[in-house]
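Asker: Enclosed is the structure file run-v6.txt (compact mmCIF, C-alpha atoms and all ligand atoms).
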```txt
# COMPACT_ATOMS: atom_id res chain seq x y z
CA MET A 1 52.18 -51.68 26.89
CA SER A 2 53.46 -55.03 28.17
CA ALA A 3 54.30 -57.05 25.08
CA GLY A 4 56.88 -56.68 22.36
CA VAL A 5 60.53 -55.86 21.95
CA VAL A 6 62.03 -52.54 23.03
CA ILE A 7 64.57 -51.19 20.53
CA ILE A 8 67.52 -49.00 21.47
CA GLY A 9 68.30 -46.72 18.52
CA GLY A 10 65.93 -45.38 15.89
CA GLY A 11 68.15 -44.95 12.83
CA GLY A 12 68.78 -46.94 9.68
CA HIS A 13 69.87 -50.12 11.40
CA ALA A 14 66.72 -50.08 13.52
CA LYS A 15 64.57 -50.11 10.38
CA VAL A 16 66.14 -53.35 9.17
CA VAL A 17 65.96 -54.89 12.63
CA ILE A 18 62.28 -53.96 13.07
CA GLU A 19 61.38 -55.60 9.77
CA SER A 20 63.42 -58.73 10.63
CA LEU A 21 61.68 -59.03 14.00
CA ARG A 22 58.26 -58.57 12.45
CA ALA A 23 59.03 -61.06 9.68
CA SER A 24 59.85 -63.64 12.35
CA GLY A 25 56.60 -62.94 14.17
CA GLN A 26 57.87 -60.74 16.98
CA ALA A 27 56.04 -57.54 17.88
CA VAL A 28 58.03 -54.34 18.38
CA ALA A 29 56.71 -52.17 21.19
CA ALA A 30 58.79 -49.01 21.43
CA ILE A 31 62.05 -47.27 20.56
CA VAL A 32 64.33 -45.25 22.82
CA ASP A 33 66.72 -42.94 21.00
CA ALA A 34 69.31 -40.34 22.02
CA ASP A 35 66.97 -37.90 20.26
CA PRO A 36 63.73 -38.32 22.24
CA THR A 37 61.59 -36.19 19.89
CA PRO A 38 58.25 -38.03 19.62
CA ARG A 39 57.95 -39.66 16.18
CA GLU A 40 57.51 -43.06 14.58
CA VAL A 41 60.01 -45.30 12.83
CA LEU A 42 58.20 -47.78 10.59
CA GLY A 43 55.17 -47.31 12.82
CA VAL A 44 57.04 -47.87 16.11
CA PRO A 45 56.82 -44.94 18.54
CA VAL A 46 59.98 -43.25 19.85
CA VAL A 47 58.99 -42.91 23.52
CA GLY A 48 62.05 -41.17 24.96
CA ASP A 49 65.76 -41.61 25.49
CA ASP A 50 67.62 -44.26 27.50
CA LEU A 51 66.38 -42.78 30.78
CA LYS A 52 62.98 -44.20 29.80
CA LEU A 53 64.23 -47.81 29.98
CA PRO A 54 63.51 -48.48 33.70
CA GLU A 55 59.95 -47.24 33.21
CA LEU A 56 59.45 -49.53 30.20
CA LYS A 57 60.80 -52.44 32.23
CA ALA A 58 58.42 -51.60 35.07
CA GLN A 59 55.54 -51.64 32.57
CA GLY A 60 56.31 -55.29 31.89
CA LEU A 61 58.44 -55.03 28.77
CA SER A 62 61.38 -57.36 29.25
CA GLN A 63 62.73 -58.08 25.76
CA LEU A 64 65.15 -55.66 24.12
CA PHE A 65 67.31 -55.32 21.05
CA VAL A 66 70.15 -52.82 20.58
CA ALA A 67 69.88 -51.55 16.99
CA ILE A 68 72.97 -49.36 16.84
CA GLY A 69 75.64 -49.92 14.19
CA ASP A 70 78.58 -48.62 16.24
CA ASN A 71 80.15 -51.77 17.71
CA ARG A 72 81.41 -50.42 21.04
CA LEU A 73 78.33 -48.34 21.72
CA ARG A 74 76.10 -51.30 20.91
CA GLU A 75 77.94 -53.48 23.43
CA LYS A 76 77.88 -50.77 26.10
CA LEU A 77 74.14 -50.20 25.70
CA GLY A 78 73.44 -53.93 25.59
CA ARG A 79 75.25 -54.57 28.86
CA LYS A 80 73.47 -51.60 30.42
CA ALA A 81 70.10 -52.98 29.34
CA GLN A 82 70.97 -56.39 30.76
CA GLY A 83 71.87 -54.66 34.02
CA LEU A 84 68.38 -53.18 34.06
CA GLY A 85 66.93 -56.69 33.78
CA PHE A 86 66.13 -56.80 30.06
CA VAL A 87 66.72 -59.96 28.04
CA LEU A 88 68.56 -59.35 24.76
CA VAL A 89 66.64 -61.10 22.01
CA ASN A 90 68.03 -62.07 18.62
CA ALA A 91 66.65 -60.54 15.42
CA ILE A 92 66.79 -63.33 12.85
CA HIS A 93 65.18 -62.84 9.48
CA PRO A 94 63.22 -65.98 8.49
CA SER A 95 65.11 -66.22 5.20
CA ALA A 96 68.40 -66.81 7.04
CA VAL A 97 69.67 -70.39 6.98
CA ILE A 98 71.39 -71.22 10.25
CA SER A 99 72.98 -74.61 10.88
CA PRO A 100 71.45 -76.53 13.79
CA SER A 101 74.98 -76.94 15.15
CA ALA A 102 75.74 -73.19 15.08
CA LYS A 103 75.62 -71.33 18.40
CA LEU A 104 74.39 -67.75 18.64
CA GLY A 105 74.82 -65.45 21.62
CA GLN A 106 72.28 -62.85 22.72
CA GLY A 107 71.32 -59.64 20.97
CA VAL A 108 72.55 -60.93 17.60
CA ALA A 109 71.21 -59.60 14.27
CA VAL A 110 71.03 -62.09 11.40
CA MET A 111 69.63 -60.30 8.39
CA ALA A 112 67.85 -61.55 5.27
CA GLY A 113 69.60 -64.08 3.10
CA VAL A 114 72.37 -64.99 5.54
CA ALA A 115 73.87 -68.49 5.68
CA ILE A 116 75.69 -69.69 8.81
CA ASN A 117 77.19 -73.14 8.51
CA ALA A 118 78.07 -75.98 10.85
CA ASP A 119 79.69 -75.45 14.25
CA THR A 120 80.03 -71.69 13.82
CA GLU A 121 79.82 -69.62 17.03
CA VAL A 122 78.59 -66.03 17.15
CA GLY A 123 79.17 -63.75 20.14
CA ASP A 124 76.63 -61.49 21.81
CA LEU A 125 75.54 -58.31 20.05
CA THR A 126 77.13 -59.14 16.70
CA ILE A 127 75.58 -58.01 13.41
CA ILE A 128 75.57 -60.45 10.49
CA ASN A 129 74.23 -58.21 7.80
CA THR A 130 72.21 -58.91 4.66
CA GLY A 131 73.42 -61.73 2.46
CA VAL A 132 76.49 -62.70 4.53
CA VAL A 133 77.90 -66.22 4.26
CA VAL A 134 79.81 -67.72 7.19
CA ASP A 135 81.06 -71.21 6.43
CA HIS A 136 81.75 -73.97 8.96
CA ASP A 137 83.64 -73.54 12.23
CA GLY A 138 83.57 -69.74 12.18
CA ARG A 139 84.31 -67.91 15.44
CA LEU A 140 82.75 -64.45 15.56
CA GLY A 141 83.41 -62.45 18.71
CA VAL A 142 81.29 -60.04 20.70
CA ALA A 143 79.83 -56.95 19.00
CA CYS A 144 81.38 -57.57 15.59
CA HIS A 145 79.76 -56.35 12.41
CA LEU A 146 79.97 -58.26 9.13
CA GLY A 147 78.66 -55.83 6.51
CA PRO A 148 76.30 -56.82 3.70
CA ALA A 149 77.48 -59.58 1.37
CA CYS A 150 80.61 -60.52 3.30
CA ALA A 151 81.80 -64.08 2.71
CA LEU A 152 83.88 -66.00 5.24
CA ALA A 153 85.33 -69.37 4.29
CA GLY A 154 85.67 -72.21 6.81
CA GLY A 155 87.43 -71.75 10.13
CA VAL A 156 87.65 -67.95 10.08
CA THR A 157 87.95 -66.11 13.41
CA VAL A 158 86.78 -62.50 13.83
CA GLY A 159 87.74 -60.74 17.05
CA ASP A 160 85.50 -58.65 19.29
CA HIS A 161 84.32 -55.32 17.80
CA ALA A 162 85.87 -56.02 14.40
CA PHE A 163 84.11 -54.46 11.41
CA LEU A 164 84.15 -55.97 7.93
CA GLY A 165 82.81 -53.57 5.30
CA VAL A 166 80.43 -54.49 2.52
CA GLY A 167 81.59 -57.40 0.40
CA VAL A 168 84.73 -58.39 2.35
CA ARG A 169 85.96 -61.90 1.61
CA VAL A 170 88.14 -64.03 3.89
CA ILE A 171 89.98 -67.22 2.92
CA PRO A 172 89.90 -70.34 5.13
CA GLY A 173 91.45 -70.37 8.58
CA VAL A 174 92.33 -66.67 8.80
CA THR A 175 92.10 -64.71 12.07
CA ILE A 176 91.06 -61.04 12.08
CA GLY A 177 92.03 -59.32 15.33
CA ALA A 178 89.70 -57.57 17.73
CA ASP A 179 88.81 -53.96 16.87
CA THR A 180 90.17 -54.28 13.35
CA THR A 181 88.38 -52.81 10.33
CA VAL A 182 88.56 -54.27 6.84
CA GLY A 183 87.45 -51.82 4.15
CA ALA A 184 84.71 -52.60 1.65
CA GLY A 185 85.60 -55.20 -0.94
CA GLY A 186 88.81 -56.24 0.79
CA VAL A 187 90.05 -59.80 0.42
CA VAL A 188 91.78 -61.07 3.55
CA VAL A 189 94.35 -63.79 2.83
CA ARG A 190 96.55 -63.48 5.95
CA ASP A 191 95.91 -63.03 9.66
CA LEU A 192 95.36 -59.42 10.69
CA PRO A 193 96.38 -58.10 14.15
CA GLU A 194 94.15 -56.17 16.53
CA ALA A 195 93.02 -52.60 15.96
CA VAL A 196 94.26 -51.98 12.41
CA LEU A 197 92.64 -50.79 9.19
CA ALA A 198 93.23 -53.09 6.24
CA ILE A 199 92.06 -52.44 2.69
CA GLY A 200 92.44 -53.80 -0.80
CA VAL A 201 92.89 -57.03 -2.71
CA PRO A 202 94.70 -58.66 -1.04
CA ALA A 203 93.97 -56.61 2.09
CA LYS A 204 97.01 -54.72 3.40
CA ILE A 205 97.36 -52.83 6.66
CA LYS A 206 97.06 -49.07 6.15
CA GLY A 207 97.30 -47.92 9.76
CA ASP A 208 95.26 -47.92 12.93
CA ARG A 209 91.53 -48.54 12.79
CA PRO A 210 89.39 -45.43 12.20
O1 LIG B 301 73.34 -43.79 23.40
C1 LIG B 301 72.41 -43.85 22.59
C2 LIG B 301 72.51 -43.44 21.23
N1 LIG B 301 73.52 -42.92 20.49
C3 LIG B 301 73.03 -42.71 19.25
N2 LIG B 301 71.18 -44.35 22.98
C4 LIG B 301 70.11 -44.43 22.14
N3 LIG B 301 68.96 -44.92 22.61
N4 LIG B 301 70.20 -44.04 20.85
C5 LIG B 301 71.37 -43.56 20.41
N5 LIG B 301 71.73 -43.11 19.21
C6 LIG B 301 70.82 -43.06 18.07
O2 LIG B 301 71.12 -44.13 17.20
C7 LIG B 301 70.91 -41.81 17.20
O3 LIG B 301 70.19 -40.74 17.75
C8 LIG B 301 70.32 -42.31 15.88
O4 LIG B 301 68.91 -42.17 15.82
C9 LIG B 301 70.67 -43.81 15.89
C10 LIG B 301 71.77 -44.14 14.91
O5 LIG B 301 71.22 -44.01 13.62
P1 LIG B 301 72.08 -44.02 12.29
O6 LIG B 301 71.13 -44.16 11.16
O7 LIG B 301 73.02 -42.86 12.31
O8 LIG B 301 73.03 -45.29 12.42
P2 LIG B 301 72.64 -46.80 12.71
O9 LIG B 301 73.47 -47.20 13.85
O10 LIG B 301 71.18 -46.99 12.77
O11 LIG B 301 73.12 -47.52 11.38
C11 LIG B 301 74.51 -47.62 11.01
O12 LIG B 301 74.93 -48.96 11.16
C12 LIG B 301 74.18 -49.89 10.36
C13 LIG B 301 74.66 -51.29 10.69
C14 LIG B 301 74.64 -47.16 9.56
O13 LIG B 301 76.01 -47.14 9.20
C15 LIG B 301 73.87 -48.09 8.66
O14 LIG B 301 74.05 -47.73 7.30
C16 LIG B 301 74.31 -49.52 8.89
N6 LIG B 301 73.54 -50.43 8.05
```
Could I get this structure in the form of structure tokens?
Ligand code: JB2
Answerer:
Amino acid sequence: MSAGVVIIGGGGHAKVVIESLRASGQAVAAIVDADPTPREVLGVPVVGDDLKLPELKAQGLSQLFVAIGDNRLREKLGRKAQGLGFVLVNAIHPSAVISPSAKLGQGVAVMAGVAINADTEVGDLTIINTGVVVDHDGRLGVACHLGPACALAGGVTVGDHAFLGVGVRVIPGVTIGADTTVGAGGVVVRDLPEAVLAIGVPAKIKGDRP
């Protein structure tokens, strides 16, 4: 085994990532999961837990993707994998439309039907889930997650580790602080600080992030 992407995590997110990688022509070699029970996920073998990573690297596998939905855990595991010498690849579904002037970091997931417009920047290990729209000049931090069908107007900033639930909408120029969560369907019309939970239309702060 010396070709293909190693995946960290073998749950629901991994399934979508595996199919995105395959759709873009990348082979998927193996999964490591906290539960090392031998099994297959969409035909990809689970070969062990994270202790298996150095062995996979030594076998010649050098490309890796962290397919874990939890933002902080995903970043931690991604940095650990980089420390072991893996390169974090991006998983970009071929149906995504990404502006030539947009800049993506490493280990980024861009799912089916996404649009990312001009001069937007996306940090390492961020998830841009199915059907998301990010208009021009967006600034997405490290290890964020924009849930399915989110829509960000122009000039929106999303801080590191922020999570926007399914269908969140954000008006132009708004900043969402690091570690903040916006609940599903929320409409953000004002800046939100770091590490809060905001819900509703318009989104209002309901306390600290979960
Ligand atoms: O430290 C770890 C670790 N912790 C949990 N290392 C490795 N290698 N694997 C780990 N895991 C594994 O991640 C769990 O054993 C489990 O198999 C997997 C997480 O699967 P789950 O389906 O619970 O969540 P997910 O992260 O794949 O998906 C979540 O996030 C997505 C973005 C869900 O909320 C999805 O609905 C969502 N689309």
Asker: Could you list the protein, DNA and RNA residues that have any atom within 7 Å of ligand LIG 301 (chain B), counting only C-alpha atoms and all ligand atoms, and write them as a list in words?
Answerer: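 For ligand LIG 301 (chain B), the residues inside 7 Å are Ile8, Gly9, Gly10, Gly11, Gly12, His13, Ala14, Val32, Asp33, Ala34, Asp35, Asp49, Asp50, Ala67, Ile68, Gly69, Asp70, Leu73 and Leu77 of chain A.
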Asker: Tell me which protein, DNA and RNA residues are within 9 Å of Ile199 of chain A, counting only C-alpha atoms, leaving out same-chain ones fewer than 3 positions away, and put them as a list in words.
Answerer: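 With the cut-off at 9 Å, the set is Thr181, Val182, Gly183, Ala184, Gly185, Gly186, Val187, Val188, Pro202, Ala203, Lys204, Ile205 and Lys206 of chain A.
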Asker: Can you write just those residues out, C-alpha atoms, as a JSON list (two decimals), keeping the file's coordinate frame?
Answerer:
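selection.json was written with the following content:
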```json
[["chain", "number", "residue", "atom", "x", "y", "z"],
["A", 181, "THR", "CA", 88.38, -52.81, 10.33],
["A", 182, "VAL", "CA", 88.56, -54.27, 6.84],
["A", 183, "GLY", "CA", 87.45, -51.82, 4.15],
["A", 184, "ALA", "CA", 84.71, -52.60, 1.65],
["A", 185, "GLY", "CA", 85.60, -55.20, -0.94],
["A", 186, "GLY", "CA", 88.81, -56.24, 0.79],
["A", 187, "VAL", "CA", 90.05, -59.80, 0.42],
["A", 188, "VAL", "CA", 91.78, -61.07, 3.55],
["A", 202, "PRO", "CA", 94.70, -58.66, -1.04],
["A", 203, "ALA", "CA", 93.97, -56.61, 2.09],
["A", 204, "LYS", "CA", 97.01, -54.72, 3.40],
["A", 205, "ILE", "CA", 97.36, -52.83, 6.66],
["A", 206, "LYS", "CA", 97.06, -49.07, 6.15]]
```
Asker: Tell me, in Å to one decimal, how far atom CA of Val158 of chain A is from atom CA of Ile31 of chain A.
Answerer: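 A separation of 29.8 Å between them.
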Asker: Rounded to one decimal place, report the atom CA of Val110 of chain A-atom CA of Asp208 of chain A distance in Å.
Answerer: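 According to the coordinates, atom CA of Val110 of chain A and atom CA of Asp208 of chain A are separated by 28.1 Å.
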Asker: How close does segment 7-76 of chain A get to segment 81-95 of chain A? List, as CSV, each residue of segment 7-76 of chain A within 6 Å, its nearest atom pair and the distance in Å to one decimal, counting only C-alpha atoms.
Answerer:
```
residue,atom,partner,partner_atom,distance
A:Ser20,CA,A:His93,CA,4.6
A:Leu21,CA,A:Ala91,CA,5.4
A:Ser24,CA,A:Pro94,CA,5.6
A:Ser62,CA,A:Phe86,CA,4.9
A:Gln63,CA,A:Val87,CA,5.0
A:Leu64,CA,A:Leu88,CA,5.1
A:Phe65,CA,A:Leu88,CA,5.6
```
Asker: Quick one: residues within 8 Å of Ser99 of chain A, all atoms listed in the file, excluding same-chain residues fewer than 5 positions away - as a ChimeraX atom specification?
Answerer: /A:116-119
Asker: One decimal, Å: what's the distance from atom CA of His161 of chain A over to atom CA of Val66 of chain A, could you say?
Answerer: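 About the pair atom CA of His161 of chain A and atom CA of Val66 of chain A: they are 14.7 Å apart.
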Asker: Using only C-alpha atoms, what does the table of segment 63-90 of chain A residues within 8 Å of segment 140-152 of chain A look like, with each row giving the shortest atom pair and its distance in Å to one decimal, sorted by chain and ascending number, as CSV?
Answerer:
```
residue,atom,partner,partner_atom,distance
A:Gly69,CA,A:His145,CA,7.8
A:Asn71,CA,A:Ala143,CA,5.3
A:Arg72,CA,A:Ala143,CA,7.0
A:Arg74,CA,A:Ala143,CA,7.0
A:Glu75,CA,A:Ala143,CA,5.9
```
Asker: How would the residues just picked look written out with C-alpha atoms as a compact mmCIF listing (two decimals), in the frame of the given file?
Answerer:
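Result file follows (selection-v9.txt):
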```
# COMPACT_ATOMS: atom_id res chain seq x y z
CA GLY A 69 75.64 -49.92 14.19
CA ASN A 71 80.15 -51.77 17.71
CA ARG A 72 81.41 -50.42 21.04
CA ARG A 74 76.10 -51.30 20.91
CA GLU A 75 77.94 -53.48 23.43
```
Asker: Counting all atoms listed in the file, which residue out of A:Leu51, A:Leu42, A:Val16, A:Ala102 sits closest to Ile127 of chain A?
Answerer: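 Among A:Leu51, A:Leu42, A:Val16, A:Ala102, it is A:Val16 that comes nearest to Ile127 of chain A.
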Asker: Nearest to Ile98 of chain A: which of A:Val122, A:Lys80, A:Val196, A:Val174 is it, counting all atoms listed in the file?
Answerer: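 Of A:Val122, A:Lys80, A:Val196, A:Val174, the one nearest Ile98 of chain A is A:Val122, counting all atoms listed in the file.
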Asker: Smallest atom-to-atom distance to Glu194 of chain A: which of A:Ala153, A:Ile171, A:Val134, A:Ala162, using all atoms listed in the file?
Answerer: A:Ala162
Asker: Find the residues with any atom within 7 Å of (73.9, -64.8, 2.5); use all atoms listed in the file and the coordinates as given in the file, and write the answer as an NGL selection string.
Answerer: :A and (113-115 or 130-133 or 149)
Asker: Nearest to Gly173 of chain A among A:Gly200, A:Pro193, A:Gly138, A:Gly123, with distances taken over all atoms listed in the file: which residue is it?
Answerer: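 Nearest candidate to Gly173 of chain A out of A:Gly200, A:Pro193, A:Gly138, A:Gly123: A:Gly138.
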Asker: List the neighbours of Val44 of chain A out to 9 Å using only C-alpha atoms; skip same-chain residues closer than 6 positions along the sequence, and give me the result as a short mmCIF file (atom, residue, chain, number, x, y, z; two decimals) with C-alpha atoms, keeping the file's coordinate frame.
Answerer:
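Result file follows (part11.cif):
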```cif
data_model
loop_
_atom_site.label_atom_id
_atom_site.label_comp_id
_atom_site.auth_asym_id
_atom_site.auth_seq_id
_atom_site.Cartn_x
_atom_site.Cartn_y
_atom_site.Cartn_z
CA ILE A 18 62.28 -53.96 13.07
CA VAL A 28 58.03 -54.34 18.38
CA ALA A 29 56.71 -52.17 21.19
CA ALA A 30 58.79 -49.01 21.43
CA ILE A 31 62.05 -47.27 20.56
#
```
Asker: With only C-alpha atoms as the atoms that count, which of A:Pro38, A:Gly43, A:Gly107, A:Gly4 lies nearest to Gly25 of chain A?
Answerer: A:Gly4
Asker: Given the choices A:Asp135, A:Leu192, A:Ala27, A:Ile128, which gets closest to Gly165 of chain A if the distance is worked out from all atoms listed in the file?
Answerer: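 Ranking A:Asp135, A:Leu192, A:Ala27, A:Ile128 by distance to Gly165 of chain A, first place goes to A:Ile128.
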Asker: Can you put N, CA, C and O atoms back into segment 84-101 of chain A and show it as a PDB file, keeping the file's coordinate frame?
Answerer:
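The result, written out as result.pdb:
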```
ATOM      1  N   LEU A  84      69.711 -53.649  33.659  1.00  0.00           N
ATOM      2  CA  LEU A  84      68.380 -53.180  34.060  1.00  0.00           C
ATOM      3  C   LEU A  84      67.369 -54.330  34.086  1.00  0.00           C
ATOM      4  O   LEU A  84      66.196 -54.123  34.402  1.00  0.00           O
ATOM      5  N   GLY A  85      67.819 -55.520  33.711  1.00  0.00           N
ATOM      6  CA  GLY A  85      66.930 -56.690  33.780  1.00  0.00           C
ATOM      7  C   GLY A  85      66.305 -57.089  32.458  1.00  0.00           C
ATOM      8  O   GLY A  85      65.494 -58.026  32.417  1.00  0.00           O
ATOM      9  N   PHE A  86      66.673 -56.405  31.370  1.00  0.00           N
ATOM     10  CA  PHE A  86      66.130 -56.800  30.060  1.00  0.00           C
ATOM     11  C   PHE A  86      66.866 -58.055  29.551  1.00  0.00           C
ATOM     12  O   PHE A  86      68.046 -58.256  29.833  1.00  0.00           O
ATOM     13  N   VAL A  87      66.134 -58.843  28.772  1.00  0.00           N
ATOM     14  CA  VAL A  87      66.720 -59.960  28.040  1.00  0.00           C
ATOM     15  C   VAL A  87      67.003 -59.495  26.622  1.00  0.00           C
ATOM     16  O   VAL A  87      66.117 -58.915  25.967  1.00  0.00           O
ATOM     17  N   LEU A  88      68.218 -59.726  26.142  1.00  0.00           N
ATOM     18  CA  LEU A  88      68.560 -59.350  24.760  1.00  0.00           C
ATOM     19  C   LEU A  88      68.094 -60.448  23.823  1.00  0.00           C
ATOM     20  O   LEU A  88      68.588 -61.573  23.875  1.00  0.00           O
ATOM     21  N   VAL A  89      67.130 -60.110  22.966  1.00  0.00           N
ATOM     22  CA  VAL A  89      66.640 -61.100  22.010  1.00  0.00           C
ATOM     23  C   VAL A  89      67.475 -61.030  20.727  1.00  0.00           C
ATOM     24  O   VAL A  89      68.179 -60.045  20.477  1.00  0.00           O
ATOM     25  N   ASN A  90      67.405 -62.084  19.939  1.00  0.00           N
ATOM     26  CA  ASN A  90      68.030 -62.070  18.620  1.00  0.00           C
ATOM     27  C   ASN A  90      67.012 -61.633  17.575  1.00  0.00           C
ATOM     28  O   ASN A  90      65.817 -61.911  17.704  1.00  0.00           O
ATOM     29  N   ALA A  91      67.499 -60.946  16.541  1.00  0.00           N
ATOM     30  CA  ALA A  91      66.650 -60.540  15.420  1.00  0.00           C
ATOM     31  C   ALA A  91      67.109 -61.343  14.201  1.00  0.00           C
ATOM     32  O   ALA A  91      68.136 -61.008  13.593  1.00  0.00           O
ATOM     33  N   ILE A  92      66.372 -62.392  13.911  1.00  0.00           N
ATOM     34  CA  ILE A  92      66.790 -63.330  12.850  1.00  0.00           C
ATOM     35  C   ILE A  92      65.742 -63.331  11.753  1.00  0.00           C
ATOM     36  O   ILE A  92      64.592 -63.740  11.972  1.00  0.00           O
ATOM     37  N   HIS A  93      66.142 -62.853  10.586  1.00  0.00           N
ATOM     38  CA  HIS A  93      65.180 -62.840   9.480  1.00  0.00           C
ATOM     39  C   HIS A  93      64.860 -64.289   9.071  1.00  0.00           C
ATOM     40  O   HIS A  93      65.764 -65.133   9.011  1.00  0.00           O
ATOM     41  N   PRO A  94      63.582 -64.583   8.792  1.00  0.00           N
ATOM     42  CA  PRO A  94      63.220 -65.980   8.490  1.00  0.00           C
ATOM     43  C   PRO A  94      63.881 -66.540   7.245  1.00  0.00           C
ATOM     44  O   PRO A  94      63.923 -67.766   7.070  1.00  0.00           O
ATOM     45  N   SER A  95      64.429 -65.689   6.386  1.00  0.00           N
ATOM     46  CA  SER A  95      65.110 -66.220   5.200  1.00  0.00           C
ATOM     47  C   SER A  95      66.541 -66.626   5.483  1.00  0.00           C
ATOM     48  O   SER A  95      67.220 -67.184   4.605  1.00  0.00           O
ATOM     49  N   ALA A  96      67.040 -66.363   6.691  1.00  0.00           N
ATOM     50  CA  ALA A  96      68.400 -66.810   7.040  1.00  0.00           C
ATOM     51  C   ALA A  96      68.409 -68.322   7.223  1.00  0.00           C
ATOM     52  O   ALA A  96      67.448 -68.897   7.734  1.00  0.00           O
ATOM     53  N   VAL A  97      69.507 -68.937   6.808  1.00  0.00           N
ATOM     54  CA  VAL A  97      69.670 -70.390   6.980  1.00  0.00           C
ATOM     55  C   VAL A  97      70.792 -70.592   7.987  1.00  0.00           C
ATOM     56  O   VAL A  97      71.957 -70.282   7.711  1.00  0.00           O
ATOM     57  N   ILE A  98      70.431 -71.083   9.160  1.00  0.00           N
ATOM     58  CA  ILE A  98      71.390 -71.220  10.250  1.00  0.00           C
ATOM     59  C   ILE A  98      71.521 -72.695  10.606  1.00  0.00           C
ATOM     60  O   ILE A  98      70.523 -73.358  10.938  1.00  0.00           O
ATOM     61  N   SER A  99      72.742 -73.203  10.560  1.00  0.00           N
ATOM     62  CA  SER A  99      72.980 -74.610  10.880  1.00  0.00           C
ATOM     63  C   SER A  99      72.470 -74.940  12.273  1.00  0.00           C
ATOM     64  O   SER A  99      72.653 -74.146  13.211  1.00  0.00           O
ATOM     65  N   PRO A 100      71.894 -76.131  12.443  1.00  0.00           N
ATOM     66  CA  PRO A 100      71.450 -76.530  13.790  1.00  0.00           C
ATOM     67  C   PRO A 100      72.613 -76.671  14.764  1.00  0.00           C
ATOM     68  O   PRO A 100      72.404 -76.645  15.973  1.00  0.00           O
ATOM     69  N   SER A 101      73.830 -76.817  14.247  1.00  0.00           N
ATOM     70  CA  SER A 101      74.980 -76.940  15.150  1.00  0.00           C
ATOM     71  C   SER A 101      75.657 -75.594  15.422  1.00  0.00           C
ATOM     72  O   SER A 101      76.602 -75.512  16.214  1.00  0.00           O
TER      73      SER A 101
END
```
